[in-house]
$ cat model_21.cif   # mmCIF, N, CA and C atoms and all ligand atoms
data_model
#
loop_
_atom_site.label_atom_id
_atom_site.label_comp_id
_atom_site.auth_asym_id
_atom_site.auth_seq_id
_atom_site.Cartn_x
_atom_site.Cartn_y
_atom_site.Cartn_z
N MET A 1 -44.79 -58.87 -10.65
CA MET A 1 -45.23 -57.48 -10.41
C MET A 1 -44.10 -56.52 -10.77
N VAL A 2 -44.46 -55.47 -11.48
CA VAL A 2 -43.46 -54.45 -11.84
C VAL A 2 -43.83 -53.14 -11.13
N TYR A 3 -42.80 -52.46 -10.64
CA TYR A 3 -42.99 -51.21 -9.92
C TYR A 3 -42.42 -50.08 -10.76
N ILE A 4 -43.25 -49.12 -11.05
CA ILE A 4 -42.83 -48.02 -11.93
C ILE A 4 -43.00 -46.71 -11.16
N THR A 5 -41.99 -45.84 -11.29
CA THR A 5 -41.95 -44.65 -10.43
C THR A 5 -41.77 -43.38 -11.25
N ARG A 6 -42.52 -42.38 -10.86
CA ARG A 6 -42.33 -41.04 -11.42
C ARG A 6 -41.93 -40.09 -10.30
N LYS A 7 -40.91 -39.29 -10.57
CA LYS A 7 -40.41 -38.33 -9.59
C LYS A 7 -40.80 -36.92 -10.02
N GLU A 8 -41.25 -36.13 -9.06
CA GLU A 8 -41.58 -34.73 -9.34
C GLU A 8 -41.00 -33.87 -8.23
N HIS A 9 -41.02 -32.58 -8.47
CA HIS A 9 -40.38 -31.65 -7.55
C HIS A 9 -41.32 -30.49 -7.22
N PHE A 10 -41.26 -30.03 -5.99
CA PHE A 10 -41.96 -28.78 -5.66
C PHE A 10 -41.25 -28.09 -4.50
N SER A 11 -41.51 -26.81 -4.37
CA SER A 11 -40.99 -26.03 -3.25
C SER A 11 -42.16 -25.49 -2.46
N ALA A 12 -42.05 -25.56 -1.14
CA ALA A 12 -43.15 -25.06 -0.31
C ALA A 12 -42.60 -24.69 1.06
N SER A 13 -43.38 -23.89 1.77
CA SER A 13 -42.98 -23.55 3.12
C SER A 13 -43.99 -24.13 4.10
N HIS A 14 -43.55 -24.26 5.34
CA HIS A 14 -44.45 -24.77 6.37
C HIS A 14 -43.94 -24.35 7.75
N ARG A 15 -44.82 -24.57 8.72
CA ARG A 15 -44.44 -24.39 10.11
C ARG A 15 -44.96 -25.60 10.88
N LEU A 16 -44.08 -26.25 11.61
CA LEU A 16 -44.52 -27.36 12.45
C LEU A 16 -44.99 -26.77 13.78
N TYR A 17 -46.27 -26.94 14.05
CA TYR A 17 -46.90 -26.29 15.19
C TYR A 17 -48.16 -27.05 15.55
N ASN A 18 -48.29 -27.39 16.81
CA ASN A 18 -49.51 -28.04 17.28
C ASN A 18 -50.30 -27.02 18.11
N PRO A 19 -51.46 -26.59 17.60
CA PRO A 19 -52.22 -25.53 18.28
C PRO A 19 -52.73 -25.94 19.66
N ASP A 20 -52.73 -27.23 19.94
CA ASP A 20 -53.19 -27.70 21.25
C ASP A 20 -52.11 -27.56 22.32
N TRP A 21 -50.89 -27.24 21.91
CA TRP A 21 -49.78 -27.13 22.86
C TRP A 21 -49.42 -25.68 23.14
N SER A 22 -48.72 -25.48 24.25
CA SER A 22 -48.18 -24.15 24.58
C SER A 22 -47.04 -23.83 23.60
N ASP A 23 -46.68 -22.54 23.55
CA ASP A 23 -45.54 -22.14 22.70
C ASP A 23 -44.27 -22.86 23.15
N ASP A 24 -44.11 -22.98 24.47
CA ASP A 24 -42.91 -23.65 24.99
C ASP A 24 -42.82 -25.09 24.50
N LYS A 25 -43.95 -25.78 24.59
CA LYS A 25 -43.93 -27.19 24.17
C LYS A 25 -43.67 -27.30 22.67
N ASN A 26 -44.25 -26.40 21.89
CA ASN A 26 -44.00 -26.43 20.45
C ASN A 26 -42.52 -26.22 20.15
N TRP A 27 -41.88 -25.31 20.87
CA TRP A 27 -40.44 -25.08 20.66
C TRP A 27 -39.63 -26.30 21.06
N GLU A 28 -40.09 -26.89 22.17
CA GLU A 28 -39.36 -28.06 22.68
C GLU A 28 -39.42 -29.22 21.67
N VAL A 29 -40.58 -29.43 21.08
CA VAL A 29 -40.75 -30.58 20.18
C VAL A 29 -40.22 -30.30 18.77
N TYR A 30 -40.51 -29.11 18.26
CA TYR A 30 -40.20 -28.84 16.85
C TYR A 30 -38.97 -27.97 16.63
N GLY A 31 -38.47 -27.32 17.67
CA GLY A 31 -37.27 -26.51 17.53
C GLY A 31 -37.42 -25.46 16.43
N LYS A 32 -36.41 -25.34 15.60
CA LYS A 32 -36.39 -24.34 14.53
C LYS A 32 -37.56 -24.49 13.55
N CYS A 33 -38.06 -25.71 13.43
CA CYS A 33 -39.17 -25.97 12.49
C CYS A 33 -40.46 -25.30 12.95
N ASN A 34 -40.45 -24.79 14.19
CA ASN A 34 -41.61 -24.08 14.74
C ASN A 34 -41.52 -22.57 14.50
N ASN A 35 -40.51 -22.14 13.76
CA ASN A 35 -40.37 -20.70 13.47
C ASN A 35 -41.71 -20.10 13.05
N PRO A 36 -42.18 -19.06 13.77
CA PRO A 36 -43.55 -18.55 13.54
C PRO A 36 -43.90 -18.23 12.08
N ASN A 37 -42.95 -17.71 11.32
CA ASN A 37 -43.27 -17.37 9.93
C ASN A 37 -42.92 -18.47 8.93
N GLY A 38 -42.59 -19.62 9.46
CA GLY A 38 -42.34 -20.76 8.58
C GLY A 38 -40.93 -20.80 8.01
N HIS A 39 -40.69 -21.80 7.22
CA HIS A 39 -39.41 -21.97 6.52
C HIS A 39 -39.68 -22.87 5.32
N GLY A 40 -38.75 -22.88 4.37
CA GLY A 40 -39.03 -23.57 3.11
C GLY A 40 -38.24 -24.85 2.90
N HIS A 41 -38.75 -25.67 2.01
CA HIS A 41 -38.04 -26.88 1.58
C HIS A 41 -38.19 -27.04 0.07
N ASN A 42 -37.17 -27.67 -0.53
CA ASN A 42 -37.30 -28.15 -1.90
C ASN A 42 -37.60 -29.64 -1.81
N TYR A 43 -38.86 -29.97 -2.04
CA TYR A 43 -39.31 -31.35 -1.89
C TYR A 43 -39.17 -32.14 -3.19
N GLU A 44 -38.92 -33.43 -3.02
CA GLU A 44 -39.02 -34.36 -4.16
C GLU A 44 -40.07 -35.39 -3.77
N ILE A 45 -40.92 -35.72 -4.71
CA ILE A 45 -41.91 -36.76 -4.45
C ILE A 45 -41.73 -37.88 -5.48
N GLU A 46 -41.71 -39.11 -5.00
CA GLU A 46 -41.62 -40.27 -5.89
C GLU A 46 -42.88 -41.10 -5.71
N VAL A 47 -43.62 -41.25 -6.79
CA VAL A 47 -44.87 -42.01 -6.74
C VAL A 47 -44.67 -43.32 -7.50
N THR A 48 -44.85 -44.43 -6.79
CA THR A 48 -44.64 -45.74 -7.39
C THR A 48 -45.97 -46.46 -7.58
N VAL A 49 -46.16 -46.97 -8.77
CA VAL A 49 -47.36 -47.73 -9.12
C VAL A 49 -46.94 -49.16 -9.42
N ALA A 50 -47.73 -50.11 -8.92
CA ALA A 50 -47.42 -51.53 -9.13
C ALA A 50 -48.44 -52.16 -10.07
N GLY A 51 -47.97 -53.07 -10.89
CA GLY A 51 -48.89 -53.79 -11.76
C GLY A 51 -48.15 -54.74 -12.66
N ASN A 52 -48.91 -55.52 -13.38
CA ASN A 52 -48.32 -56.39 -14.39
C ASN A 52 -48.58 -55.75 -15.74
N PRO A 53 -47.53 -55.47 -16.49
CA PRO A 53 -47.74 -54.80 -17.78
C PRO A 53 -48.56 -55.68 -18.73
N PRO A 54 -49.69 -55.14 -19.23
CA PRO A 54 -50.47 -55.93 -20.17
C PRO A 54 -49.69 -56.16 -21.47
N LYS A 55 -49.96 -57.30 -22.09
CA LYS A 55 -49.22 -57.66 -23.30
C LYS A 55 -49.37 -56.60 -24.38
N GLU A 56 -50.55 -56.05 -24.46
CA GLU A 56 -50.87 -55.12 -25.54
C GLU A 56 -49.99 -53.86 -25.52
N THR A 57 -49.80 -53.25 -24.32
CA THR A 57 -49.04 -51.99 -24.25
C THR A 57 -47.65 -52.18 -23.66
N GLY A 58 -47.47 -53.20 -22.83
CA GLY A 58 -46.18 -53.37 -22.14
C GLY A 58 -45.96 -52.36 -21.05
N MET A 59 -46.97 -51.57 -20.73
CA MET A 59 -46.80 -50.51 -19.72
C MET A 59 -47.76 -50.72 -18.55
N VAL A 60 -47.23 -50.62 -17.33
CA VAL A 60 -48.09 -50.67 -16.14
C VAL A 60 -48.98 -49.44 -16.15
N ILE A 61 -48.37 -48.29 -16.36
CA ILE A 61 -49.09 -47.03 -16.51
C ILE A 61 -48.22 -46.14 -17.39
N ASP A 62 -48.85 -45.35 -18.22
CA ASP A 62 -48.12 -44.40 -19.06
C ASP A 62 -47.50 -43.33 -18.14
N LEU A 63 -46.17 -43.22 -18.17
CA LEU A 63 -45.50 -42.29 -17.24
C LEU A 63 -45.89 -40.83 -17.49
N LYS A 64 -46.24 -40.51 -18.72
CA LYS A 64 -46.69 -39.15 -19.01
C LYS A 64 -48.03 -38.90 -18.28
N LYS A 65 -48.88 -39.92 -18.33
CA LYS A 65 -50.18 -39.82 -17.66
C LYS A 65 -49.98 -39.71 -16.14
N LEU A 66 -49.07 -40.53 -15.60
CA LEU A 66 -48.80 -40.49 -14.17
C LEU A 66 -48.26 -39.11 -13.77
N SER A 67 -47.36 -38.58 -14.57
CA SER A 67 -46.82 -37.24 -14.32
C SER A 67 -47.93 -36.19 -14.34
N ASP A 68 -48.82 -36.28 -15.32
CA ASP A 68 -49.93 -35.32 -15.42
C ASP A 68 -50.81 -35.37 -14.17
N ILE A 69 -51.08 -36.59 -13.68
CA ILE A 69 -51.93 -36.74 -12.49
C ILE A 69 -51.25 -36.11 -11.27
N ILE A 70 -49.97 -36.42 -11.08
CA ILE A 70 -49.24 -35.88 -9.91
C ILE A 70 -49.19 -34.36 -9.99
N ASN A 71 -48.95 -33.84 -11.18
CA ASN A 71 -48.86 -32.38 -11.32
C ASN A 71 -50.20 -31.70 -11.07
N LYS A 72 -51.25 -32.27 -11.65
CA LYS A 72 -52.57 -31.64 -11.51
C LYS A 72 -53.08 -31.71 -10.07
N GLU A 73 -52.93 -32.89 -9.45
CA GLU A 73 -53.54 -33.12 -8.14
C GLU A 73 -52.69 -32.62 -6.97
N ILE A 74 -51.36 -32.65 -7.14
CA ILE A 74 -50.48 -32.30 -6.01
C ILE A 74 -49.62 -31.06 -6.30
N ILE A 75 -48.78 -31.16 -7.32
CA ILE A 75 -47.77 -30.11 -7.53
C ILE A 75 -48.42 -28.74 -7.75
N ASP A 76 -49.41 -28.69 -8.62
CA ASP A 76 -50.05 -27.40 -8.91
C ASP A 76 -50.71 -26.80 -7.67
N VAL A 77 -51.05 -27.65 -6.71
CA VAL A 77 -51.75 -27.19 -5.51
C VAL A 77 -50.76 -26.73 -4.42
N VAL A 78 -49.60 -27.38 -4.34
CA VAL A 78 -48.68 -27.08 -3.22
C VAL A 78 -47.44 -26.27 -3.60
N ASP A 79 -47.09 -26.24 -4.89
CA ASP A 79 -45.83 -25.60 -5.28
C ASP A 79 -45.86 -24.09 -5.00
N HIS A 80 -44.81 -23.62 -4.33
CA HIS A 80 -44.69 -22.21 -3.95
C HIS A 80 -45.84 -21.73 -3.05
N LYS A 81 -46.32 -22.64 -2.22
CA LYS A 81 -47.38 -22.29 -1.28
C LYS A 81 -46.89 -22.49 0.16
N HIS A 82 -47.64 -21.88 1.08
CA HIS A 82 -47.41 -22.13 2.50
C HIS A 82 -48.39 -23.22 2.92
N LEU A 83 -47.86 -24.36 3.28
CA LEU A 83 -48.71 -25.55 3.49
C LEU A 83 -49.71 -25.36 4.64
N ASN A 84 -49.37 -24.52 5.62
CA ASN A 84 -50.28 -24.33 6.76
C ASN A 84 -51.50 -23.49 6.40
N CYS A 85 -51.35 -22.59 5.43
CA CYS A 85 -52.48 -21.68 5.18
C CYS A 85 -52.98 -21.64 3.75
N ASP A 86 -52.25 -22.14 2.78
CA ASP A 86 -52.67 -21.99 1.38
C ASP A 86 -53.27 -23.25 0.77
N VAL A 87 -53.19 -24.37 1.46
CA VAL A 87 -53.54 -25.65 0.83
C VAL A 87 -54.72 -26.28 1.58
N ASP A 88 -55.87 -26.34 0.91
CA ASP A 88 -57.10 -26.81 1.56
C ASP A 88 -56.96 -28.18 2.20
N PHE A 89 -56.34 -29.13 1.48
CA PHE A 89 -56.31 -30.49 2.04
C PHE A 89 -55.33 -30.64 3.21
N MET A 90 -54.56 -29.60 3.50
CA MET A 90 -53.67 -29.65 4.67
C MET A 90 -54.26 -28.91 5.87
N THR A 91 -55.46 -28.40 5.73
CA THR A 91 -56.09 -27.68 6.83
C THR A 91 -56.24 -28.60 8.05
N GLY A 92 -55.74 -28.15 9.19
CA GLY A 92 -55.85 -28.94 10.41
C GLY A 92 -54.87 -30.09 10.50
N VAL A 93 -53.95 -30.18 9.53
CA VAL A 93 -52.95 -31.25 9.53
C VAL A 93 -51.58 -30.63 9.78
N ILE A 94 -50.84 -31.14 10.76
CA ILE A 94 -49.47 -30.64 10.99
C ILE A 94 -48.62 -31.08 9.80
N PRO A 95 -48.03 -30.11 9.07
CA PRO A 95 -47.41 -30.45 7.78
C PRO A 95 -46.01 -31.07 7.88
N THR A 96 -45.91 -32.15 8.64
CA THR A 96 -44.68 -32.94 8.61
C THR A 96 -44.65 -33.72 7.30
N ALA A 97 -43.48 -34.21 6.94
CA ALA A 97 -43.38 -35.03 5.72
C ALA A 97 -44.25 -36.28 5.85
N GLU A 98 -44.32 -36.84 7.06
CA GLU A 98 -45.16 -38.02 7.29
C GLU A 98 -46.62 -37.73 6.93
N ASN A 99 -47.14 -36.65 7.52
CA ASN A 99 -48.55 -36.31 7.27
C ASN A 99 -48.80 -35.93 5.82
N MET A 100 -47.84 -35.25 5.21
CA MET A 100 -48.01 -34.85 3.81
C MET A 100 -48.11 -36.09 2.92
N ALA A 101 -47.25 -37.08 3.18
CA ALA A 101 -47.27 -38.30 2.36
C ALA A 101 -48.63 -39.00 2.47
N VAL A 102 -49.20 -39.01 3.68
CA VAL A 102 -50.50 -39.64 3.88
C VAL A 102 -51.60 -38.87 3.12
N GLU A 103 -51.56 -37.55 3.21
CA GLU A 103 -52.57 -36.74 2.50
C GLU A 103 -52.43 -36.89 0.98
N PHE A 104 -51.20 -36.92 0.51
CA PHE A 104 -50.97 -37.10 -0.94
C PHE A 104 -51.52 -38.46 -1.38
N TRP A 105 -51.31 -39.45 -0.54
CA TRP A 105 -51.81 -40.80 -0.85
C TRP A 105 -53.33 -40.78 -1.05
N LYS A 106 -54.03 -40.16 -0.08
CA LYS A 106 -55.49 -40.14 -0.14
C LYS A 106 -55.97 -39.55 -1.47
N ILE A 107 -55.26 -38.55 -1.95
CA ILE A 107 -55.67 -37.90 -3.20
C ILE A 107 -55.30 -38.78 -4.40
N LEU A 108 -54.07 -39.24 -4.45
CA LEU A 108 -53.61 -39.96 -5.64
C LEU A 108 -54.25 -41.33 -5.79
N GLU A 109 -54.57 -41.96 -4.65
CA GLU A 109 -55.12 -43.31 -4.69
C GLU A 109 -56.37 -43.38 -5.57
N THR A 110 -57.19 -42.33 -5.50
CA THR A 110 -58.44 -42.35 -6.26
C THR A 110 -58.24 -41.94 -7.72
N LYS A 111 -57.10 -41.33 -8.02
CA LYS A 111 -56.90 -40.79 -9.37
C LYS A 111 -56.12 -41.72 -10.29
N ILE A 112 -55.35 -42.62 -9.68
CA ILE A 112 -54.50 -43.49 -10.50
C ILE A 112 -55.27 -44.73 -10.90
N THR A 113 -55.48 -44.85 -12.19
CA THR A 113 -56.14 -46.04 -12.73
C THR A 113 -55.11 -46.69 -13.65
N GLY A 114 -55.12 -47.96 -13.68
CA GLY A 114 -54.04 -48.65 -14.40
C GLY A 114 -52.95 -48.90 -13.40
N GLY A 115 -52.76 -50.13 -12.97
CA GLY A 115 -51.86 -50.42 -11.86
C GLY A 115 -52.52 -49.93 -10.59
N ARG A 116 -51.82 -50.13 -9.47
CA ARG A 116 -52.35 -49.58 -8.22
C ARG A 116 -51.23 -48.82 -7.51
N LEU A 117 -51.62 -47.77 -6.84
CA LEU A 117 -50.64 -46.97 -6.12
C LEU A 117 -49.94 -47.86 -5.09
N TYR A 118 -48.62 -47.89 -5.13
CA TYR A 118 -47.86 -48.78 -4.25
C TYR A 118 -47.15 -48.01 -3.14
N SER A 119 -46.50 -46.89 -3.48
CA SER A 119 -45.85 -46.11 -2.43
C SER A 119 -45.67 -44.67 -2.84
N ILE A 120 -45.59 -43.83 -1.81
CA ILE A 120 -45.23 -42.44 -2.01
C ILE A 120 -44.03 -42.16 -1.15
N LYS A 121 -42.95 -41.71 -1.79
CA LYS A 121 -41.77 -41.27 -1.04
C LYS A 121 -41.72 -39.76 -1.14
N LEU A 122 -41.54 -39.12 0.00
CA LEU A 122 -41.46 -37.67 0.01
C LEU A 122 -40.14 -37.27 0.67
N TYR A 123 -39.30 -36.61 -0.13
CA TYR A 123 -38.00 -36.11 0.36
C TYR A 123 -38.16 -34.67 0.78
N GLU A 124 -37.87 -34.41 2.05
CA GLU A 124 -37.91 -33.03 2.53
C GLU A 124 -36.55 -32.37 2.29
N SER A 125 -35.53 -33.20 2.28
CA SER A 125 -34.17 -32.76 1.96
C SER A 125 -33.48 -34.01 1.41
N PRO A 126 -32.28 -33.85 0.85
CA PRO A 126 -31.63 -35.05 0.29
C PRO A 126 -31.44 -36.16 1.33
N ASN A 127 -31.31 -35.81 2.60
CA ASN A 127 -31.05 -36.82 3.63
C ASN A 127 -32.29 -37.28 4.40
N ASN A 128 -33.36 -36.51 4.32
CA ASN A 128 -34.56 -36.84 5.11
C ASN A 128 -35.74 -37.12 4.20
N PHE A 129 -36.27 -38.33 4.32
CA PHE A 129 -37.45 -38.66 3.52
C PHE A 129 -38.31 -39.68 4.23
N VAL A 130 -39.58 -39.71 3.83
CA VAL A 130 -40.52 -40.69 4.39
C VAL A 130 -41.09 -41.50 3.23
N GLU A 131 -41.58 -42.67 3.57
CA GLU A 131 -42.26 -43.50 2.58
C GLU A 131 -43.57 -43.97 3.18
N TYR A 132 -44.65 -43.88 2.40
CA TYR A 132 -45.95 -44.36 2.85
C TYR A 132 -46.51 -45.32 1.81
N ARG A 133 -47.01 -46.44 2.32
CA ARG A 133 -47.57 -47.45 1.43
C ARG A 133 -49.04 -47.70 1.67
N GLY A 134 -49.70 -46.73 2.31
CA GLY A 134 -51.15 -46.84 2.46
C GLY A 134 -51.62 -47.78 3.54
N GLU A 135 -50.71 -48.21 4.40
CA GLU A 135 -51.12 -49.17 5.44
C GLU A 135 -51.37 -48.44 6.75
NI NI A 201 -39.40 -28.06 7.67
#
$ encode --input "model_21.cif" --output "structure tokens"
Amino acid sequence: MVYITRKEHFSASHRLYNPDWSDDKNWEVYGKCNNPNGHGHNYEIEVTVAGNPPKETGMVIDLKKLSDIINKEIIDVVDHKHLNCDVDFMTGVIPTAENMAVEFWKILETKITGGRLYSIKLYESPNNFVEYRGE
């Protein structure tokens, strides 16, 4: 099995806030990330596809094609947006990196043909990132 990865970048803002909780509890759990008007991140997303390269092409998936899918389905929708209010698929979802990776998975899983989606890594900052493998 070969694992092939494409990395893309986007910038977005969000607010970590659970509407079922009091303001105090939201501050207690999310701290600065609960800032009412949000705050921004420069995100990196790494999408890994697994497969055995067919003899004919030698490619698990064409990286240009993978890039086009990620850009069309994810980057164009979230880049320079406020994740809490501008992005339909994040409606009702607390926009933590964990939840974002899961939502991105649901979208990309159906769009990637050739190989199978293996993992999504989402970097919220150089030191903080999550990985989701669809389990
Ligand atoms: Ni944040």
$ residues_near_ligand --input "model_21.cif" --ligand "ligand NI 201 (chain A)" --cutoff "7 Å" --atoms "only C-alpha atoms and all ligand atoms" --output "NGL selection string"
:A and (14-15 or 33 or 39-41)
$ write_last_selection --input "model_21.cif" --atoms "N, CA and C atoms" --output "PDB file, in the frame of the given file"
ATOM      1  N   HIS A  14     -43.550 -24.260   5.340  1.00  0.00           N
ATOM      2  CA  HIS A  14     -44.450 -24.770   6.370  1.00  0.00           C
ATOM      3  C   HIS A  14     -43.940 -24.350   7.750  1.00  0.00           C
ATOM      4  N   ARG A  15     -44.820 -24.570   8.720  1.00  0.00           N
ATOM      5  CA  ARG A  15     -44.440 -24.390  10.110  1.00  0.00           C
ATOM      6  C   ARG A  15     -44.960 -25.600  10.880  1.00  0.00           C
ATOM      7  N   CYS A  33     -38.060 -25.710  13.430  1.00  0.00           N
ATOM      8  CA  CYS A  33     -39.170 -25.970  12.490  1.00  0.00           C
ATOM      9  C   CYS A  33     -40.460 -25.300  12.950  1.00  0.00           C
ATOM     10  N   HIS A  39     -40.690 -21.800   7.220  1.00  0.00           N
ATOM     11  CA  HIS A  39     -39.410 -21.970   6.520  1.00  0.00           C
ATOM     12  C   HIS A  39     -39.680 -22.870   5.320  1.00  0.00           C
ATOM     13  N   GLY A  40     -38.750 -22.880   4.370  1.00  0.00           N
ATOM     14  CA  GLY A  40     -39.030 -23.570   3.110  1.00  0.00           C
ATOM     15  C   GLY A  40     -38.240 -24.850   2.900  1.00  0.00           C
ATOM     16  N   HIS A  41     -38.750 -25.670   2.010  1.00  0.00           N
ATOM     17  CA  HIS A  41     -38.040 -26.880   1.580  1.00  0.00           C
ATOM     18  C   HIS A  41     -38.190 -27.040   0.070  1.00  0.00           C
TER      19      HIS A  41
END
$ closest_residue --input "model_21.cif" --among "A:Val78, A:Thr110, A:Val102, A:Pro95" --to "His9 in chain A" --atoms "only C-alpha atoms"
A:Val78
$ select_by_dssp --input "model_21.cif" --residues "chain A" --states "strand (DSSP E)" --output "VMD selection string"
chain A and resid 2 to 14 39 to 51 81 to 82 116 to 123 129 to 132
$ residues_near_point --input "model_21.cif" --point "(-59.0, -36.8, -0.2)" --cutoff "12 Å" --atoms "only C-alpha atoms" --output "list of chain:residue names"
A:Glu73, A:Ile74, A:Asp88, A:Phe89, A:Met90, A:Thr91, A:Met100, A:Val102, A:Glu103, A:Phe104, A:Trp105, A:Lys106, A:Ile107, A:Leu108, A:Glu109, A:Thr110, A:Lys111
$ write_last_selection --input "model_21.cif" --atoms "N, CA and C atoms" --output "compact mmCIF listing (two decimals), keeping the file's coordinate frame"
# COMPACT_ATOMS: atom_id res chain seq x y z
N GLU A 73 -52.93 -32.89 -9.45
CA GLU A 73 -53.54 -33.12 -8.14
C GLU A 73 -52.69 -32.62 -6.97
N ILE A 74 -51.36 -32.65 -7.14
CA ILE A 74 -50.48 -32.30 -6.01
C ILE A 74 -49.62 -31.06 -6.30
N ASP A 88 -55.87 -26.34 0.91
CA ASP A 88 -57.10 -26.81 1.56
C ASP A 88 -56.96 -28.18 2.20
N PHE A 89 -56.34 -29.13 1.48
CA PHE A 89 -56.31 -30.49 2.04
C PHE A 89 -55.33 -30.64 3.21
N MET A 90 -54.56 -29.60 3.50
CA MET A 90 -53.67 -29.65 4.67
C MET A 90 -54.26 -28.91 5.87
N THR A 91 -55.46 -28.40 5.73
CA THR A 91 -56.09 -27.68 6.83
C THR A 91 -56.24 -28.60 8.05
N MET A 100 -47.84 -35.25 5.21
CA MET A 100 -48.01 -34.85 3.81
C MET A 100 -48.11 -36.09 2.92
N VAL A 102 -49.20 -39.01 3.68
CA VAL A 102 -50.50 -39.64 3.88
C VAL A 102 -51.60 -38.87 3.12
N GLU A 103 -51.56 -37.55 3.21
CA GLU A 103 -52.57 -36.74 2.50
C GLU A 103 -52.43 -36.89 0.98
N PHE A 104 -51.20 -36.92 0.51
CA PHE A 104 -50.97 -37.10 -0.94
C PHE A 104 -51.52 -38.46 -1.38
N TRP A 105 -51.31 -39.45 -0.54
CA TRP A 105 -51.81 -40.80 -0.85
C TRP A 105 -53.33 -40.78 -1.05
N LYS A 106 -54.03 -40.16 -0.08
CA LYS A 106 -55.49 -40.14 -0.14
C LYS A 106 -55.97 -39.55 -1.47
N ILE A 107 -55.26 -38.55 -1.95
CA ILE A 107 -55.67 -37.90 -3.20
C ILE A 107 -55.30 -38.78 -4.40
N LEU A 108 -54.07 -39.24 -4.45
CA LEU A 108 -53.61 -39.96 -5.64
C LEU A 108 -54.25 -41.33 -5.79
N GLU A 109 -54.57 -41.96 -4.65
CA GLU A 109 -55.12 -43.31 -4.69
C GLU A 109 -56.37 -43.38 -5.57
N THR A 110 -57.19 -42.33 -5.50
CA THR A 110 -58.44 -42.35 -6.26
C THR A 110 -58.24 -41.94 -7.72
N LYS A 111 -57.10 -41.33 -8.02
CA LYS A 111 -56.90 -40.79 -9.37
C LYS A 111 -56.12 -41.72 -10.29
$ atom_distance --input "model_21.cif" --atom1 "atom N of Tyr118 in chain A" --atom2 "atom C of Ala12 in chain A"
24.8 Å
$ residues_around --input "model_21.cif" --residues "range 54-70 of chain A" --least-positions-apart "6" --cutoff "6 Å" --atoms "all atoms listed in the file" --output "PyMOL selection string"
chain A and resi 76+114-115
$ atom_distance --input "model_21.cif" --atom1 "CA of Val77 in chain A" --atom2 "CA of Ser11 in chain A"
11.1 Å
